[in-house]
Every structure is written in C-alpha cells, then in structure tokens.
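Have a look at the structure below, then the notes.
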There are 2 protein chains.
Amino acid sequence: MEKVTIKDIARMCNVSIATVSRALNNSNKGVGQKTKDHILTVIKELNYSPSGIARGMVNGNTGLIGLVLPDIRNPFFAELARGVEDYCTKTHYNCLLCNTDSKPEKEQAYISFFQKRMVSGVIFTAQNSKVRNENLYGFKKSHIPFCLVEYYCNALSDVPAVYFKNKKGARLIVELLIKNNHKNIAFIGGPSSTQNAIDRFEGYKEALAFHNIPFNKKLTIAADYSYVGGYNAIKALFARNISFTAVFTANDLMGYGAMEYIHKKGKKIPDDYSLVGFDNISFPAVFQPVITSVEIPAYRFGKLAAKKVIHCIEKKEVIPLIDVIEPVIVDKGSIKKI
Amino acid sequence: MEKVTIKDIARMCNVSIATVSRALNNSNKGVGQKTKDHILTVIKELNYSPSGIARGMVNGNTGLIGLVLPDIRNPFFAELARGVEDYCTKTHYNCLLCNTDSKPEKEQAYISFFQKRMVSGVIFTAQNSKVRNENLYGFKKSHIPFCLVEYYCNALSDVPAVYFKNKKGARLIVELLIKNNHKNIAFIGGPSSTQNAIDRFEGYKEALAFHNIPFNKKLTIAADYSYVGGYNAIKALFARNISFTAVFTANDLMGYGAMEYIHKKGKKIPDDYSLVGFDNISFPAVFQPVITSVEIPAYRFGKLAAKKVIHCIEKKEVIPLIDVIEPVIVDKGSIKKI
DNA sequence: GTGAAAGCGCTAACAT
DNA sequence: ATGTTAGCGCTTTCAC
C-alpha cells in the first residue's frame with residue numbers, strides 16, 4: 001500500500017484537489033453535498049488521512065506542544081505531564097516530551113529546536129535562574145506562544161503562567177503545627193536561589209509572627225530538596241543542641257530523608273517529633289510512615305498550562321493570563337498534639 | 001522580529017537559496033569555503049534556523065518518534081521514556097508522549113495520528129490482545145517503522161521488538177526461594193490473558209519441576225497486577241487453608257498489596273513469610289519493607305527500542321531485529337532461610 | 001459549486 | 001561552484 005495523497009483522492013473522484021480539500025475541512029461552503037459525500041466515501045475506502053506536516057507547512061500550526069521539564073521520572077512531573085497531555089489530546093494537540101535534568105544547555109537545545117517551528121506552543125518548567133531568564137527572553141523573540149509553570153521572572157511578566165501559593169501553603173501547614181501547640185518548630189528549606197524555597201521560608205516566618213512566636217534562626221537550615229539533603233540537614237540541626245518538637249521540611253522528599261535519620265536515632269514520628277512537608281507525594285499504602293503535607297495539584301498545573309498555550313495558539317493573541325493555584329493541606333497523621 | 005527564512009539569507013548573501021541549503025547541510029561539496037563561511041556568519045547574525053517542518057515535508061522525515069505507553073505516571077514507563085528520550089536526543093530525534101491508559105480506542109487514535117505522517121517512527125508498549133493485534137497490523141500498512149516493547153504477537157514477528165526473559169526471571173527468583181529451603185511456595189499471578197503473566201507462571205512451574213517439588217494448583221491464584229489485587233489474592237490463599245512459607249507475586253505492586261494483608265494478620269516478612277516479586281520498583285530508603293525482586297531494566301528497554309526504530313528510519317530497511325533482555329535478581333532481604 | 005494556480009520553506013536534480 | 005527549477009502535500013485566493 002503506497003501512501004495515498006490528496007491527489008489520488010481527487011483523481012478517483014474526478015474533482016480537483018481544491019474540492020477534496022474543502023470536503024476534508026468540512027467547510028460546508030464551496031462544495032456540493034453530493035460531491036462531498038462521494039469524496040468522503042472514497043477517503044474512507046482508501047483509508048486516506050491528510051498529511052499533518054503538509055498542513056503545518058501551510059497554516060503554520062503543527063499541533064505540537066513542547067513540554068519542558070526536569071525529569072519525567074519525578075512523579076510530580078509525570079502527573080503534570082498527564083494533565084498536559086490529557087488536555088492536549090482533547091483539543092487535538094500532541095505533546096513533545098523534553099527532559100532537561102535542569103541543565104540550561106539541554107533547555108537551550110530544546111529552545112533552539114522549538115525555533116525550527118516544529119511546535120505550535122511550549123510549556124516550560126524549571127527553577128528560575130539568570131541564564132534561564134536570558135534563554136527564555138531570547139525564545140520570546142521567536143513569537144511561539146509559551147506558558148511558564150512555577151517559573152519566576154519579572155522580565156517575563158507578560159508571558160502566561162501558572163503559579164502556586166507557596167507562601168500561603170507553608171503558612172497554613174505551620175499554623176497547623178501551632179494549633180497543635182508546637183512552638184519550637186524547626187525548618188529545613190530548599191535552595192535559597194529558588195523562588196519557591198524563598199516563599200516557603202517566608203510562609204514559615206509569617207505563621208510564627210502571626211502567632212507571636214519569636215523567629216529563631218538557629219532552628220532553620222537550608223538544604224537542596226533531596227532525600228540525602230533532608231537527612232543531613234536534620235542531623236546538623238540536632239548537632240546544634242537546640243530543642244524543637246516539630247519539623248517542617250520544604251518538601252516531602254527531604255522530609256522522608258529527615259525521617260530516616262530520626263528513626264536511626266531511635267525516635268518516632270509523631271510520638272517524639274511531629275513532621276510536616278510540602279508536595280504531598282504518595283506511595284503504596286503498605287508504607288506506613290507518611291507525612292502530613294501541602295498538596296500541589298500537579299495534574300491541574302499541567303492542564304491549566306496546556307489550556308493557556310493552546311488558547312494563545314488558537315486566538316493568536318498572547319494575553320499574559322496568570323493562574324494561581326491554592327494550597328490544600330493533607331493530614332496524614334504525622335502531627336502529635338502536645 | 002519576523003521569522004527569517006532561507007530566502008532572506010540568500011538575498012542577504014547574494015546567492016541562491018540552493019547555495020544556502022548546501023551550506024546549511026554542510027555538504028562540503030557544492031559550495032566554496034568562502035561563500036559557506038559568509039553564509040554561516042549571516043545565519044548566526046540573524047539567528048536563522050531552518051524550518052524542521054519544511055524539511056520534513058521534503059525528505060519525509062520529521063525526526064519525531066511516537067512513544068505509546070499506558071501511563072507515564074507508572075515509574076516503569078517513566079524510566080523507559082527516559083531511555084527513549086535520551087537516545088533520541090543523542091541522535092537528534094524528539095519524542096512524542098502518548099498515554100493510552102491501556103485503552104484500545106486511545107491507542108487507535110494515536111495510530112491514526114501517526115498515519116498523518118507527523119512521526120518518523122513509533123515505539124509501542126501494551127499488553128497483547130486481539131484488537132491490538134489488528135490495530136497494529138493495520139498500522140504496519142502505513143510503512144512507518146515501529147518497534148514493539150514486550151508485546152507478543154506471532155503475526156507481527158517481522159517487526160523489530162524488545163523482550164524480557166520473563167520465564168527465566170521467574171525461574172531464577174523461585175530457585176532462590178528453593179535454595180533457602182522453601183518448598184511450599186505460593187504464586188500470585190497476573191492476568192492470564194497477557195503473555196508475560198503466562199511466562200512468569202511457566203518460570204515458577206519450571207523451577208519447581210527442576211527441583212522435584214510437586215506443583216500444587218491450590219497454591220496458585222491469578223490477579224490483575226494491582227496493589228489491591230495482590231491484597232485480595234493473598235487473602236483468598238489464606239482462606240484456602242493450605243500451608244506455605246513463601247510467596248512469589250508476579251509483580252512488586254501485588255507483592256506490596258500482599259504484604260499489607262500479611263502485616264494486617266500480625267505476621268512479618270521475612271520472619272513468618274518470605275516474599276519475592278517482579279519488576280524491582282523502588283522507593284525512598286526510609287520505607288523499610290522492601291521485596292527481593294527481578295529487576296527489569298526499563299531504561300535499557302527504552303534505549304534499545306529507540307535505537308531500533310531510528311536504525312530502521314535511517315537505513316530505510318526494516319530488519320526484524322529482536323533484543324531479549326536478561327533478568328537480574330536484586331536481593332533486598334525479604335527471604336528467610338528455613 | 002468547482003477548478004486553476006500560487007505558495008508555505010525547504011531539498012535535490014539538473015543546468016550552467 | 002553556483003543557479004534554476006521542480007516538487008513535497010496541502011490550503012487558499014481568485015477566476016469562472
């Protein structure tokens with residue numbers, strides 16, 4: 001079976017390719033019902049399907065969305081990707097997977113690829129940084145619609161984006177500790193170069209201030225959002241010889257790392273220490289130690305981002321619409337009332 | 001900044017577009033070094049990048065690989081996807097994410113999309129079934145190179161594929177139980193409609209036979225590869241009032257489900273029951289109960305599959321090369337010597 | 001209602 | 001070494 005083109009259909013129907021094209025794009029104008037029906041029948045018979053690439057060539061829309069993220073193996077991004085893909089499929093778009101391992105070179109390589117006009121739009125996820133700001137600023141010049149996900153940059157404030165209320169989320173979960181009578185609350189933060197780490201730290205401080213609990217810098221430490229980082233951070237806190245009854249880690253992964261060290265010390269959660277995190281990652285139910293956390297609806301993130309880009313593509317206008325997602329606390333019992 | 005095309009470059013360099021094209025594709029033949037250098041300089045200045053879609057139009061290769069899988073949120077497929085993407089990137093291909101939720105309609109929708117010739121090749125993952133066989137057989141007619149991953153179908157034996165030695169893996173892990181003096185080994189299998197479930201069951205029986213342990217059908221039960229399925233299956237086995245000292249679940253997820261029930265009964269692993277699984281899924285170290293398992297190198301799967309499709313695309317030949325991956329046992333201490 | 005023809009941006013014969 | 005030209009498969013004026 002050779003590949004059948006619009007020409008073949010035209011020949012078999014004794015019409016011009018223009019007429020076939022009209023029938024195909026069911027513009028009810030410009031083609032008689034009879035001819036149209038006949039053409040459609042022949043198309044079905046020959047199992048003809050118009051070349052998307054030729055179409056893209058003509059109208060400059062390939063129907064492809066580039067999805068840039070650090071690593072699809074991270075469950076958060078997998079969930080986000082599903083949100084993107086589900087919305088894309090519904091609107092007849094398709095989704096290009098672009099793992100960057102958070103490396104600016106890889107990101108730039110993808111950006112260059114996008115500029116070859118293979119994609120109609122782009123969704124971009126990364127921690128903000130100076131070099132990224134510049135890369136993205138360069139990309140803007142290509143006039144391909146794109147949407148930022150949790151990426152903070154003032155110079156890109158006219159780009160559609162989806163954000164999470166990190167500060168509020170942190171404040172809420174720390175307040176939950178306070179409501180359970182905790183006052184000495186340790187904080188293990190993310191890398192201070194990233195905006196969401198800063199915001200979560202702010203939220204922590206805000207909650208303390210609001211409840212008239214003095215901020216103690218000795219109770220805080222910055223780590224790198226990794227499992228091992230959390231493990232080492234809590235170890236360092238203990239070495240400081242300060243007392244605390246609860247720990248707030250700026251993400252769950254560090255939380256689980258901290259938990260491992262706490263267990264190693266022969267202590268228990270929540271009996272000896274209360275522990276709360278951020279992200280609300282989940283595991284099969286048999287794994288018992290779980291952390292009360294701030295849920296970030298990754299799927300919704302992806303869906304909203306996709307919606308935005310596709311809107312920009314179709315309406316051919318780039319309104320800098322910003323969505324801000326509200327945090328939700330998920331209580332999993334890792335807080336003890338004292 | 002308007003989008004700059006090959007014409008603009010040609011005009012600015014006072015050459016024809018053909019010359020620009022030659023300079024671009026660094027065919028050192030057909031263009032003088034001087035002109036070439038000049039053209040390349042202008043290209044850089046204008047930040048020109050040739051349209052991939054126009055190129056695809058001409059030479060019929062879009063450089064896109066469709067990756068069809070059930071759900072990217074499943075860590076196994078995320079790992080596989082990384083294998084695919086890393087190899088693709090290295091060879092200047094890009095990877096289209098296609099989640100199907102194992103629904104034939106979704107698969108078929110993607111297959112139809114592929115037939116629009118937007119992709120140069122396809123990697124297809126799914127459990128075999130009659131309707132899929134037919135869909136794939138239909139897809140073969142479009143002459144787009146594709147590679148099957150753990151998909152069993154005799155009628156597609158001339159299609160490149162990557163397989164795993166399921167039977168051998170099952171045999172090895174059951175033999176490990178036997179070496180630890182277990183004789184009454186329960187088996188919780190996958191859905192009997194799928195080839196890998198059948199193969200793992202075969203491996204189990206083979207190991208018993210080889211060690212002269214009589215096969216007892218009462219010790220075996222089929223489930224659905226899900227967490228809850230494993231939970232219910234072990235419950236059903238206990239209800240049969242037969243005795244066993246070890247359990248082999250045909251995948252880890254069922255294994256963890258079974259573990260939950262065993263814990264609920266107040267029993268421990270491996271003290272009261274030894275437990276082994278398949279897939280070797282992993283979690284942060286703080287989660288203590290882990291299952292000795294057969295590792296399936298998902299990343300390698302993806303990499304090999306990508307290598308195969310891309311080979312077919314570039315060489316324009318479809319050699320039905322089959323890769324078969326060897327199993328590796330990962331001991332995590334869930335077996336007790338008795 | 002339908003056809004002819006231009007053109008989307010590029011590559012590859014074929015000329016010169 | 002470089003230019004000219006014919007497509008690739010489609011959409012979209014512009015005629016008729």
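By convention here, the chains of the structure tokens are called A, B, ... in the order presented, each chain's residues are numbered starting at 1, and ligands are numbered starting at 1 in the order presented.
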Using only C-alpha atoms (C1' of nucleotides), which residues of chain D come within 10 Å of chain B, and what is the closest atom pair for each, with the distance in Å to one decimal? Give it as a Markdown table, sorted by chain and residue number.
```
| residue | atom | partner | partner_atom | distance |
| --- | --- | --- | --- | --- |
| D:DA1 | C1' | B:Val31 | CA | 5.7 |
| D:DT2 | C1' | B:Thr19 | CA | 6.8 |
| D:DG3 | C1' | B:Ser16 | CA | 6.2 |
| D:DT4 | C1' | B:Ser16 | CA | 9.1 |
| D:DG7 | C1' | B:Val58 | CA | 8.6 |
| D:DC8 | C1' | B:Val58 | CA | 4.7 |
| D:DG9 | C1' | B:Met57 | CA | 7.9 |
```
>> Residues of chain C within 7 Å of chain B, counting only C-alpha atoms (C1' of nucleotides) - could you list those as a PyMOL selection string?
In response: chain C and resi 9-11
Keeping only C-alpha atoms (C1' of nucleotides), write the selected residues as a PDB file, in the first residue's frame.
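The result, stored in selection_13.pdb:
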```
ATOM      1  C1'  DG C   9      10.198  26.686   3.276  1.00  0.00           C
ATOM      2  C1'  DC C  10      12.940  23.624   2.060  1.00  0.00           C
ATOM      3  C1'  DT C  11      15.907  19.822  -0.760  1.00  0.00           C
TER       4       DT C  11
END
```
>> Applying 9 Å and only C-alpha atoms (C1' of nucleotides), which residues near stretch 262-276 of chain A remain after dropping the ones on its own chain fewer than 5 positions away? List them as a list in words.
In response: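 Neighbouring residues, sequence-local ones excluded: Ile173, Val174, Leu177, His182, Tyr231, Ile234, Lys235, Phe244, Thr245, Ala246, Val247, Phe248, Thr249, Ala250, Asn251, Asp252, Gly255, Gly257, Pro289, Ile291, Thr292, Ser293, Val294, Gly333, Ser334, Ile335, Lys336 and Lys337 of chain A; Val286 of chain B.
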Output for the residues just chosen: N, CA and C atoms as a short mmCIF file (atom, residue, chain, number, x, y, z; two decimals), in the first residue's frame:
```cif
data_model
loop_
_atom_site.label_atom_id
_atom_site.label_comp_id
_atom_site.auth_asym_id
_atom_site.auth_seq_id
_atom_site.Cartn_x
_atom_site.Cartn_y
_atom_site.Cartn_z
N ILE A 173 0.46 25.16 56.82
CA ILE A 173 0.89 23.92 57.45
C ILE A 173 1.64 24.21 58.76
N VAL A 174 2.33 25.32 58.81
CA VAL A 174 2.99 25.68 60.07
C VAL A 174 1.94 26.07 61.11
N LEU A 177 0.69 23.10 62.82
CA LEU A 177 1.57 22.69 63.92
C LEU A 177 1.30 23.54 65.15
N HIS A 182 2.56 23.32 69.07
CA HIS A 182 4.01 23.35 68.84
C HIS A 182 4.46 24.80 68.77
N TYR A 231 18.19 14.37 55.16
CA TYR A 231 18.85 13.53 56.16
C TYR A 231 19.97 14.31 56.84
N ILE A 234 18.74 17.51 59.05
CA ILE A 234 18.21 17.28 60.40
C ILE A 234 19.33 16.85 61.33
N LYS A 235 20.28 16.12 60.78
CA LYS A 235 21.45 15.72 61.54
C LYS A 235 22.18 16.97 62.06
N PHE A 244 13.48 21.28 69.79
CA PHE A 244 12.28 21.52 68.97
C PHE A 244 11.37 20.30 69.07
N THR A 245 10.10 20.52 68.83
CA THR A 245 9.13 19.41 68.92
C THR A 245 8.57 19.05 67.56
N ALA A 246 8.82 19.92 66.59
CA ALA A 246 8.27 19.66 65.26
C ALA A 246 9.25 20.14 64.20
N VAL A 247 9.14 19.54 63.01
CA VAL A 247 9.98 19.92 61.88
C VAL A 247 9.11 20.15 60.66
N PHE A 248 9.38 21.24 59.98
CA PHE A 248 8.73 21.49 58.69
C PHE A 248 9.81 21.44 57.62
N THR A 249 9.71 20.45 56.74
CA THR A 249 10.67 20.39 55.62
C THR A 249 9.99 20.97 54.39
N ALA A 250 10.73 21.74 53.61
CA ALA A 250 10.14 22.47 52.49
C ALA A 250 9.70 21.58 51.33
N ASN A 251 10.07 20.31 51.39
CA ASN A 251 9.40 19.34 50.50
C ASN A 251 9.40 17.96 51.17
N ASP A 252 8.57 17.07 50.65
CA ASP A 252 8.39 15.76 51.28
C ASP A 252 9.65 14.90 51.20
N GLY A 255 11.72 15.55 53.79
CA GLY A 255 11.02 15.08 54.98
C GLY A 255 11.29 13.62 55.24
N GLY A 257 13.82 11.93 54.13
CA GLY A 257 15.23 11.82 54.49
C GLY A 257 15.42 12.12 55.97
N PRO A 289 5.06 5.04 57.37
CA PRO A 289 5.38 6.41 57.77
C PRO A 289 5.04 7.38 56.64
N ILE A 291 3.80 11.57 55.66
CA ILE A 291 3.95 12.92 56.17
C ILE A 291 2.77 13.80 55.81
N THR A 292 2.22 14.45 56.80
CA THR A 292 1.21 15.48 56.57
C THR A 292 1.86 16.57 55.72
N SER A 293 1.16 16.98 54.68
CA SER A 293 1.85 17.79 53.70
C SER A 293 0.92 18.78 52.98
N VAL A 294 1.53 19.66 52.23
CA VAL A 294 0.77 20.60 51.40
C VAL A 294 0.67 20.01 50.01
N GLY A 333 -1.50 12.36 59.62
CA GLY A 333 -1.26 11.89 60.99
C GLY A 333 0.17 11.98 61.48
N SER A 334 0.98 12.83 60.89
CA SER A 334 2.36 12.92 61.38
C SER A 334 2.53 14.09 62.35
N ILE A 335 1.40 14.61 62.85
CA ILE A 335 1.46 15.67 63.86
C ILE A 335 0.85 15.15 65.16
N LYS A 336 1.56 15.40 66.27
CA LYS A 336 1.03 14.99 67.57
C LYS A 336 0.65 16.24 68.34
N LYS A 337 -0.53 16.21 68.93
CA LYS A 337 -0.95 17.34 69.77
C LYS A 337 -0.14 17.29 71.05
N VAL B 286 13.69 5.29 53.50
CA VAL B 286 13.05 5.25 54.80
C VAL B 286 11.96 4.18 54.86
#
```
> Any idea what the distance is between atom CA of A:Phe114 and atom CA of B:Cys312?
Replying inline: 25.1 Å
Sorted by chain and rising residue number, which residues of chain A lie within 8 Å of chain B, and what are their closest atom pairs and distances in Å to one decimal, counting only C-alpha atoms, as JSON lines?
```
{"residue": "A:Met1", "atom": "CA", "partner": "B:Lys141", "partner_atom": "CA", "distance": 6.3}
{"residue": "A:Glu2", "atom": "CA", "partner": "B:Ser142", "partner_atom": "CA", "distance": 7.8}
{"residue": "A:Lys3", "atom": "CA", "partner": "B:Ser142", "partner_atom": "CA", "distance": 6.9}
{"residue": "A:Ser49", "atom": "CA", "partner": "B:Lys116", "partner_atom": "CA", "distance": 5.7}
{"residue": "A:Pro50", "atom": "CA", "partner": "B:Lys116", "partner_atom": "CA", "distance": 5.8}
{"residue": "A:Ser51", "atom": "CA", "partner": "B:Lys116", "partner_atom": "CA", "distance": 4.6}
{"residue": "A:Gly52", "atom": "CA", "partner": "B:Lys116", "partner_atom": "CA", "distance": 5.3}
{"residue": "A:Ile53", "atom": "CA", "partner": "B:Met118", "partner_atom": "CA", "distance": 5.7}
{"residue": "A:Ala54", "atom": "CA", "partner": "B:Met57", "partner_atom": "CA", "distance": 6.3}
{"residue": "A:Gly56", "atom": "CA", "partner": "B:Ile53", "partner_atom": "CA", "distance": 7.2}
{"residue": "A:Met57", "atom": "CA", "partner": "B:Ala54", "partner_atom": "CA", "distance": 6.3}
{"residue": "A:Ile72", "atom": "CA", "partner": "B:Ala78", "partner_atom": "CA", "distance": 5.9}
{"residue": "A:Arg73", "atom": "CA", "partner": "B:Ala78", "partner_atom": "CA", "distance": 5.0}
{"residue": "A:Pro75", "atom": "CA", "partner": "B:Arg73", "partner_atom": "CA", "distance": 6.4}
{"residue": "A:Ala78", "atom": "CA", "partner": "B:Arg73", "partner_atom": "CA", "distance": 5.0}
{"residue": "A:Glu79", "atom": "CA", "partner": "B:Arg73", "partner_atom": "CA", "distance": 6.0}
{"residue": "A:Ala81", "atom": "CA", "partner": "B:Ile72", "partner_atom": "CA", "distance": 7.9}
{"residue": "A:Arg82", "atom": "CA", "partner": "B:Ile72", "partner_atom": "CA", "distance": 7.3}
{"residue": "A:Glu85", "atom": "CA", "partner": "B:Asn99", "partner_atom": "CA", "distance": 7.7}
{"residue": "A:Asn94", "atom": "CA", "partner": "B:Leu96", "partner_atom": "CA", "distance": 7.2}
{"residue": "A:Cys95", "atom": "CA", "partner": "B:Leu97", "partner_atom": "CA", "distance": 5.7}
{"residue": "A:Leu96", "atom": "CA", "partner": "B:Leu96", "partner_atom": "CA", "distance": 4.5}
{"residue": "A:Leu97", "atom": "CA", "partner": "B:Cys95", "partner_atom": "CA", "distance": 5.7}
{"residue": "A:Cys98", "atom": "CA", "partner": "B:Cys95", "partner_atom": "CA", "distance": 7.7}
{"residue": "A:Asn99", "atom": "CA", "partner": "B:Glu85", "partner_atom": "CA", "distance": 7.7}
{"residue": "A:Ser112", "atom": "CA", "partner": "B:Ser49", "partner_atom": "CA", "distance": 8.0}
{"residue": "A:Gln115", "atom": "CA", "partner": "B:Ser49", "partner_atom": "CA", "distance": 6.7}
{"residue": "A:Lys116", "atom": "CA", "partner": "B:Ser51", "partner_atom": "CA", "distance": 4.6}
{"residue": "A:Arg117", "atom": "CA", "partner": "B:Ser51", "partner_atom": "CA", "distance": 5.8}
{"residue": "A:Met118", "atom": "CA", "partner": "B:Ile53", "partner_atom": "CA", "distance": 5.7}
{"residue": "A:Lys141", "atom": "CA", "partner": "B:Met1", "partner_atom": "CA", "distance": 6.4}
{"residue": "A:Ser142", "atom": "CA", "partner": "B:Lys3", "partner_atom": "CA", "distance": 7.1}
{"residue": "A:Tyr227", "atom": "CA", "partner": "B:Pro284", "partner_atom": "CA", "distance": 7.6}
{"residue": "A:Tyr256", "atom": "CA", "partner": "B:Val286", "partner_atom": "CA", "distance": 6.4}
{"residue": "A:Gly257", "atom": "CA", "partner": "B:Val286", "partner_atom": "CA", "distance": 6.9}
{"residue": "A:Met259", "atom": "CA", "partner": "B:Val286", "partner_atom": "CA", "distance": 7.0}
{"residue": "A:Glu260", "atom": "CA", "partner": "B:Val286", "partner_atom": "CA", "distance": 5.0}
{"residue": "A:Pro284", "atom": "CA", "partner": "B:Tyr256", "partner_atom": "CA", "distance": 7.4}
{"residue": "A:Ala285", "atom": "CA", "partner": "B:Glu260", "partner_atom": "CA", "distance": 7.6}
{"residue": "A:Val286", "atom": "CA", "partner": "B:Glu260", "partner_atom": "CA", "distance": 5.1}
{"residue": "A:Phe287", "atom": "CA", "partner": "B:Phe287", "partner_atom": "CA", "distance": 6.0}
{"residue": "A:Gln288", "atom": "CA", "partner": "B:Phe287", "partner_atom": "CA", "distance": 7.8}
{"residue": "A:Pro289", "atom": "CA", "partner": "B:Phe287", "partner_atom": "CA", "distance": 7.4}
```
> Taking only C-alpha atoms into account, which of A:Thr125, A:Ile9, A:Ser193, A:His211 comes nearest A:Asn181?
Replying inline: A:His211
> What is the distance, in Å and to one decimal place, between atom CA of B:Ala305 and atom CA of B:Ile144?
Replying inline: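 Between atom CA of B:Ala305 and atom CA of B:Ile144 the gap is 14.7 Å.
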